[in-house]
file structure15.txt (compact mmCIF, C-alpha atoms)
# COMPACT_ATOMS: atom_id res chain seq x y z
CA MET A 1310 158.48 98.44 -85.91
CA PRO A 1311 157.62 94.74 -85.50
CA PRO A 1312 158.25 93.29 -82.03
CA ALA A 1313 161.82 92.09 -81.53
CA PRO A 1314 162.38 88.33 -81.29
CA ALA A 1315 163.12 86.82 -77.89
CA LYS A 1316 166.58 87.57 -76.56
CA GLY A 1317 169.24 85.17 -77.77
CA THR A 1318 167.28 83.88 -80.77
CA ARG A 1319 168.63 86.27 -83.39
CA SER A 1320 171.62 85.45 -85.53
CA ALA A 1321 174.51 87.85 -86.03
CA PRO A 1322 173.48 88.68 -89.64
CA ASP A 1323 169.91 89.29 -88.47
CA ARG A 1324 171.08 91.75 -85.80
CA LEU A 1325 173.31 93.51 -88.32
CA LEU A 1326 170.51 93.84 -90.85
CA SER A 1327 168.12 95.07 -88.16
CA VAL A 1328 170.43 98.04 -87.60
CA LEU A 1329 170.30 98.97 -91.29
CA GLY A 1330 166.56 98.30 -91.34
CA ALA A 1331 166.04 100.88 -88.61
CA PHE A 1332 166.50 103.60 -91.25
CA ASP A 1333 163.69 104.51 -93.64
CA LEU A 1334 162.28 107.55 -95.44
CA GLU A 1335 160.68 108.86 -92.25
CA HIS A 1336 163.79 108.15 -90.18
CA PRO A 1337 166.88 109.00 -92.28
CA ALA A 1338 168.90 110.15 -89.22
CA LEU A 1339 168.95 108.25 -85.94
CA SER A 1340 170.75 108.46 -82.62
CA LEU A 1341 172.33 105.33 -81.17
CA THR A 1342 169.42 105.08 -78.73
CA ASP A 1343 166.93 105.32 -81.61
CA ILE A 1344 168.75 102.58 -83.50
CA SER A 1345 168.79 100.36 -80.42
CA ARG A 1346 165.05 100.80 -79.91
CA ARG A 1347 163.98 100.45 -83.54
CA ALA A 1348 166.25 97.44 -84.13
CA GLY A 1349 165.16 95.72 -80.93
CA LEU A 1350 168.72 95.46 -79.63
CA SER A 1351 170.43 96.26 -76.36
CA LEU A 1352 172.33 99.53 -76.34
CA SER A 1353 175.68 97.75 -76.04
CA THR A 1354 174.93 95.44 -78.98
CA ALA A 1355 173.69 98.34 -81.09
CA HIS A 1356 176.84 100.32 -80.26
CA ARG A 1357 179.10 97.44 -81.31
CA LEU A 1358 177.28 96.88 -84.61
CA VAL A 1359 176.94 100.57 -85.43
CA THR A 1360 180.65 101.09 -84.81
CA ALA A 1361 181.52 98.24 -87.17
CA LEU A 1362 179.16 99.51 -89.85
CA ALA A 1363 180.52 103.04 -89.54
CA GLU A 1364 184.11 101.82 -89.87
CA TRP A 1365 183.15 99.92 -93.04
CA GLY A 1366 181.31 102.95 -94.46
CA ALA A 1367 177.75 101.66 -94.32
CA LEU A 1368 176.86 104.34 -91.75
CA GLU A 1369 178.10 107.88 -91.22
CA ARG A 1370 177.91 110.02 -88.08
CA ASP A 1371 177.13 113.74 -88.26
CA ASP A 1372 178.28 116.53 -85.92
CA ALA A 1373 175.14 116.11 -83.80
CA GLY A 1374 175.99 112.46 -83.15
CA ARG A 1375 173.23 111.04 -85.32
CA TYR A 1376 173.83 108.31 -87.86
CA HIS A 1377 172.93 108.29 -91.56
CA VAL A 1378 173.22 105.67 -94.30
CA GLY A 1379 176.77 105.85 -95.67
CA LEU A 1380 178.13 106.23 -99.18
CA ARG A 1381 179.47 102.66 -99.17
CA LEU A 1382 175.90 101.36 -99.41
CA TRP A 1383 175.17 103.82 -102.22
CA GLU A 1384 178.17 102.43 -104.11
CA LEU A 1385 176.83 98.90 -103.70
CA SER A 1386 173.30 99.89 -104.70
CA ALA A 1387 174.67 101.27 -107.97
CA LEU A 1388 175.41 97.67 -108.96
CA ALA A 1389 171.76 96.59 -108.64
CA PRO A 1390 170.29 95.85 -112.09
CA ARG A 1391 166.89 97.19 -110.99
CA GLY A 1392 168.32 100.36 -109.44
CA PRO A 1393 170.78 102.91 -110.84
CA ALA A 1394 171.74 100.65 -113.75
CA LEU A 1395 168.12 100.56 -114.95
CA ARG A 1396 167.75 104.26 -114.21
CA GLN A 1397 170.77 105.12 -116.37
CA ILE A 1398 169.32 103.31 -119.38
CA ALA A 1399 165.84 104.72 -118.81
CA LEU A 1400 166.71 108.36 -118.11
CA PRO A 1401 166.94 109.62 -121.75
CA TYR A 1402 163.49 108.18 -122.49
CA LEU A 1403 162.06 109.58 -119.26
CA GLU A 1404 163.42 113.00 -120.20
CA ASP A 1405 161.81 112.72 -123.65
CA LEU A 1406 158.49 111.83 -122.02
CA TYR A 1407 158.82 114.79 -119.69
CA GLU A 1408 159.59 117.16 -122.57
CA ALA A 1409 156.53 115.88 -124.42
CA THR A 1410 154.18 116.36 -121.44
CA HIS A 1411 155.86 118.63 -118.85
CA GLU A 1412 154.14 116.49 -116.23
CA ASN A 1413 155.40 114.15 -113.53
CA VAL A 1414 157.26 111.17 -115.02
CA GLN A 1415 158.05 108.10 -112.95
CA LEU A 1416 159.98 104.84 -113.22
CA ALA A 1417 159.28 102.03 -110.75
CA VAL A 1418 159.94 98.36 -110.02
CA ARG A 1419 158.06 95.81 -107.93
CA ASP A 1420 159.33 94.60 -104.58
CA GLY A 1421 156.95 92.05 -103.13
CA ALA A 1422 153.51 93.60 -102.76
CA GLU A 1423 154.78 97.14 -103.24
CA VAL A 1424 156.01 99.39 -106.01
CA VAL A 1425 159.34 101.16 -105.43
CA TYR A 1426 160.10 104.38 -107.32
CA ILE A 1427 163.66 104.53 -108.66
CA GLU A 1428 163.35 107.74 -110.71
CA TRP A 1429 161.03 110.73 -110.79
CA LEU A 1430 161.03 113.87 -112.95
CA SER A 1431 158.71 116.69 -111.93
CA GLY A 1432 157.73 120.01 -113.46
CA ARG A 1433 157.13 123.19 -111.49
CA SER A 1434 153.45 123.34 -112.37
CA ALA A 1435 152.83 119.59 -112.41
CA VAL A 1436 150.20 118.07 -110.15
CA GLY A 1437 151.44 117.37 -106.63
CA VAL A 1438 152.21 113.73 -105.90
CA HIS A 1439 153.28 111.86 -102.76
CA ILE A 1440 156.32 110.36 -104.49
CA ARG A 1441 160.07 110.52 -104.10
CA VAL A 1442 162.88 108.21 -105.18
CA GLY A 1443 162.78 105.20 -102.87
CA ALA A 1444 159.13 105.69 -101.93
CA ARG A 1445 156.86 102.65 -101.73
CA TRP A 1446 153.15 102.28 -102.43
CA PRO A 1447 150.79 99.31 -102.65
CA LEU A 1448 150.60 97.93 -106.17
CA HIS A 1449 146.87 98.40 -106.71
CA ALA A 1450 146.83 102.15 -105.97
CA THR A 1451 149.18 103.45 -108.69
CA GLY A 1452 149.46 103.24 -112.46
CA VAL A 1453 152.95 101.73 -112.37
CA GLY A 1454 151.79 99.29 -109.71
CA LEU A 1455 148.86 98.13 -111.81
CA ALA A 1456 151.13 97.67 -114.84
CA LEU A 1457 153.54 95.56 -112.78
CA LEU A 1458 150.84 93.56 -110.99
CA ALA A 1459 148.99 92.79 -114.23
CA HIS A 1460 152.09 91.09 -115.63
CA GLY A 1461 153.08 89.29 -112.45
CA ASP A 1462 152.79 85.63 -111.63
CA PRO A 1463 149.09 84.55 -111.70
CA ASP A 1464 149.30 82.97 -108.25
CA PHE A 1465 150.77 86.16 -106.82
CA GLN A 1466 148.07 88.22 -108.53
CA GLU A 1467 145.33 86.11 -107.00
CA GLU A 1468 146.89 86.29 -103.56
CA TYR A 1469 147.24 90.06 -103.85
CA CYS A 1470 143.72 90.62 -105.16
CA ALA A 1471 142.29 88.64 -102.25
CA GLY A 1472 143.34 91.53 -100.04
CA PRO A 1473 143.30 93.33 -97.81
CA LEU A 1474 143.57 96.31 -100.18
CA ALA A 1475 144.46 99.64 -98.57
CA SER A 1476 142.32 102.68 -99.36
CA PHE A 1477 143.67 106.23 -99.77
CA THR A 1478 140.75 108.09 -101.37
CA PRO A 1479 137.09 107.26 -102.04
CA TYR A 1480 138.21 106.20 -105.52
CA THR A 1481 140.83 103.63 -104.48
CA VAL A 1482 139.94 100.20 -105.81
CA THR A 1483 139.47 97.89 -102.82
CA GLU A 1484 137.12 95.27 -104.28
CA PRO A 1485 138.98 92.10 -105.37
CA ALA A 1486 136.65 91.40 -108.31
CA ARG A 1487 137.01 94.93 -109.66
CA LEU A 1488 140.80 94.81 -109.31
CA ARG A 1489 140.92 91.53 -111.26
CA ARG A 1490 138.91 93.16 -114.06
CA MET A 1491 141.27 96.14 -114.08
CA LEU A 1492 144.31 93.87 -114.40
CA ALA A 1493 142.70 92.04 -117.30
CA ASP A 1494 142.07 95.41 -118.98
CA VAL A 1495 145.74 96.36 -118.46
CA ARG A 1496 146.94 93.18 -120.14
CA ARG A 1497 144.53 93.66 -123.01
CA ALA A 1498 145.29 97.36 -123.59
CA GLY A 1499 148.99 97.27 -122.79
CA VAL A 1500 148.67 100.30 -120.49
CA ALA A 1501 147.29 100.99 -117.02
CA VAL A 1502 145.17 104.00 -116.09
CA SER A 1503 144.83 104.85 -112.40
CA SER A 1504 142.48 107.71 -111.62
CA ARG A 1505 142.32 109.45 -108.22
CA GLN A 1506 143.45 106.38 -106.31
CA VAL A 1507 146.23 108.01 -104.25
CA THR A 1508 145.08 111.64 -104.41
CA ASP A 1509 141.71 112.75 -105.70
CA ASP A 1510 143.17 115.21 -108.21
CA ALA A 1511 145.64 113.03 -110.16
CA LEU A 1512 145.50 110.48 -112.96
CA SER A 1513 148.33 108.18 -114.00
CA VAL A 1514 148.97 106.41 -117.31
CA ALA A 1515 151.59 103.65 -117.12
CA ALA A 1516 153.13 101.04 -119.40
CA PRO A 1517 155.29 97.99 -118.65
CA VAL A 1518 159.02 97.86 -119.36
CA ARG A 1519 160.39 94.51 -120.53
CA GLY A 1520 163.79 92.94 -120.07
CA PRO A 1521 165.84 90.90 -122.57
CA GLY A 1522 163.68 87.80 -122.16
CA GLY A 1523 160.40 89.68 -122.52
CA SER A 1524 159.39 89.59 -118.86
CA VAL A 1525 158.19 92.82 -117.28
CA VAL A 1526 160.92 94.28 -115.07
CA ALA A 1527 159.68 97.84 -114.48
CA ALA A 1528 156.98 100.33 -115.40
CA VAL A 1529 157.01 103.94 -116.58
CA SER A 1530 154.21 106.45 -116.07
CA VAL A 1531 153.12 110.04 -116.43
CA VAL A 1532 150.92 111.65 -113.77
CA VAL A 1533 148.65 114.54 -114.74
CA PRO A 1534 145.81 116.56 -113.17
CA GLN A 1535 142.70 114.40 -113.34
CA ALA A 1536 140.51 117.28 -114.47
CA ASP A 1537 142.68 117.97 -117.54
CA ALA A 1538 143.69 114.41 -118.38
CA GLN A 1539 143.71 113.51 -122.07
CA VAL A 1540 144.31 109.78 -121.83
CA PRO A 1541 144.21 109.05 -125.61
CA VAL A 1542 147.01 111.59 -126.08
CA LEU A 1543 149.12 110.32 -123.20
CA VAL A 1544 148.93 106.60 -124.03
CA PRO A 1545 151.12 106.69 -127.18
CA ALA A 1546 153.76 108.83 -125.44
CA VAL A 1547 153.98 106.50 -122.43
CA ARG A 1548 154.06 103.41 -124.65
CA LEU A 1549 156.88 104.92 -126.71
CA ALA A 1550 158.94 105.62 -123.60
CA ALA A 1551 158.38 102.11 -122.24
CA ARG A 1552 159.28 100.58 -125.59
CA GLY A 1553 162.48 102.64 -125.82
CA ILE A 1554 163.59 101.63 -122.32
CA SER A 1555 162.79 97.99 -123.10
CA ARG A 1556 164.94 98.10 -126.24
CA GLY A 1557 167.71 99.72 -124.22
CA LEU A 1558 167.55 96.76 -121.85
CA GLY A 1559 167.91 94.32 -124.74
CA TRP A 1560 164.30 93.42 -125.44
CA GLN A 1561 163.52 92.54 -129.04
CA PRO A 1562 159.80 92.63 -129.92
CA GLU A 1563 158.40 89.89 -132.09
CA LYS A 1564 157.95 90.81 -135.72
CA GLY A 1565 154.61 92.48 -136.26
CA ALA A 1566 154.23 93.33 -132.54

call {"tool": "encode", "arguments": {"input": "structure15.txt", "output": "structure tokens"}}
result
Amino acid sequence: MPPAPAKGTRSAPDRLLSVLGAFDLEHPALSLTDISRRAGLSLSTAHRLVTALAEWGALERDDAGRYHVGLRLWELSALAPRGPALRQIALPYLEDLYEATHENVQLAVRDGAEVVYIEWLSGRSAVGVHIRVGARWPLHATGVGLALLAHGDPDFQEEYCAGPLASFTPYTVTEPARLRRMLADVRRAGVAVSSRQVTDDALSVAAPVRGPGGSVVAAVSVVVPQADAQVPVLVPAVRLAARGISRGLGWQPEKGA
């Protein structure tokens, strides 16, 4: 956790948000002491804020005395246009893509310099991936991330490509010039291919999903074993899924596109 600001300099909303920010995928259940430490708050302040959040429904306490994110926040998150609402529109097309490939199928959006997975369908014999709903990865290391980054603001792309770029395998692209060339290839081809960047046995093919105005709002991908990957076969299936989701969101392609 980042160091807490000096005592007395944090606003009430900042302290409240720091309590919620203490929870993440690695820490879904926390004691009051844990929350106090991770939020950088005194125990008395943490207790007051946690009590208020629990009464409102943002936090829930289990029998062991640990706190979890409450259903009230889940209800609010369902209103997010890039969360469950997008997932609901996309799910039939993701299921079609899964039935066509029986491999891992993913839907993701961009949040700053990271990709956030909002849906994931996995087969029993599909290649293992380090993904779950809500997981985050750097944009350059995944197929969906490359598809989103390639269609992002040019200034943001340049800032991101300048690094630093995290490495996960010997095949992760960490050279700015090479990443820029990859993004240009994604824009030209309309799909992104990421091979062995997160794990050295997986390959991802991803395509951008467009909103009503034509801007890219998400990306869909299929992840397969790298050794058996048939990219020319996967590309049309992924494109079809992305196009279907885009139409479901209200996107109308130009005639002849």

call {"tool": "closest_residue", "arguments": {"input": "structure15.txt", "among": "A:Leu1448, A:Val1453, A:Leu1358, A:Val1514", "to": "Gln1466 of chain A", "atoms": "all atoms listed in the file"}}
result
A:Leu1448

call {"tool": "residues_around", "arguments": {"input": "structure15.txt", "residues": "Arg1319 of chain A", "least_positions_apart": "6", "cutoff": "12 Å", "atoms": "all atoms listed in the file", "output": "list in words"}}
result
Ala1313, Leu1325, Leu1326, Ser1327, Ala1348, Gly1349, Leu1350 and Thr1354 of chain A

call {"tool": "closest_atom_pairs", "arguments": {"input": "structure15.txt", "of": "segment 1497-1548 of chain A", "to": "segment 1398-1420 of chain A", "cutoff": "8 Å", "atoms": "all atoms listed in the file", "output": "CSV"}}
result
residue,atom,partner,partner_atom,distance
A:Val1526,CA,A:Val1418,CA,6.6
A:Ala1527,CA,A:Val1418,CA,4.5
A:Ala1528,CA,A:Ala1417,CA,5.5
A:Val1529,CA,A:Leu1416,CA,4.6
A:Ser1530,CA,A:Gln1415,CA,5.2
A:Val1531,CA,A:Val1414,CA,4.5
A:Val1532,CA,A:Asn1413,CA,5.1
A:Val1533,CA,A:Glu1412,CA,6.0
A:Ala1546,CA,A:Leu1406,CA,6.6
A:Val1547,CA,A:Leu1406,CA,7.0

call {"tool": "residues_around", "arguments": {"input": "structure15.txt", "residues": "segment 1364-1371 of chain A", "least_positions_apart": "6", "cutoff": "9 Å", "atoms": "all atoms listed in the file", "output": "list in words"}}
result
Leu1329, His1377, Val1378, Gly1379, Leu1380, Arg1381, Leu1382 and Trp1383 of chain A

call {"tool": "write_last_selection", "arguments": {"input": "structure15.txt", "atoms": "C-alpha atoms", "output": "PDB file, keeping the file's coordinate frame"}}
result
ATOM      1  CA  LEU A1329     170.300  98.970 -91.290  1.00  0.00           C
ATOM      2  CA  HIS A1377     172.930 108.290 -91.560  1.00  0.00           C
ATOM      3  CA  VAL A1378     173.220 105.670 -94.300  1.00  0.00           C
ATOM      4  CA  GLY A1379     176.770 105.850 -95.670  1.00  0.00           C
ATOM      5  CA  LEU A1380     178.130 106.230 -99.180  1.00  0.00           C
ATOM      6  CA  ARG A1381     179.470 102.660 -99.170  1.00  0.00           C
ATOM      7  CA  LEU A1382     175.900 101.360 -99.410  1.00  0.00           C
ATOM      8  CA  TRP A1383     175.170 103.820-102.220  1.00  0.00           C
TER       9      TRP A1383
END

call {"tool": "closest_residue", "arguments": {"input": "structure15.txt", "among": "A:Gly1553, A:Gly1461, A:Gly1452, A:Pro1541", "to": "Ser1524 of chain A", "atoms": "all atoms listed in the file"}}
result
A:Gly1461

call {"tool": "residues_around", "arguments": {"input": "structure15.txt", "residues": "Arg1548 of chain A", "least_positions_apart": "4", "cutoff": "9 Å", "atoms": "all atoms listed in the file", "output": "PyMOL selection string"}}
result
chain A and resi 1499-1500+1515-1517+1529+1543-1544+1552-1553
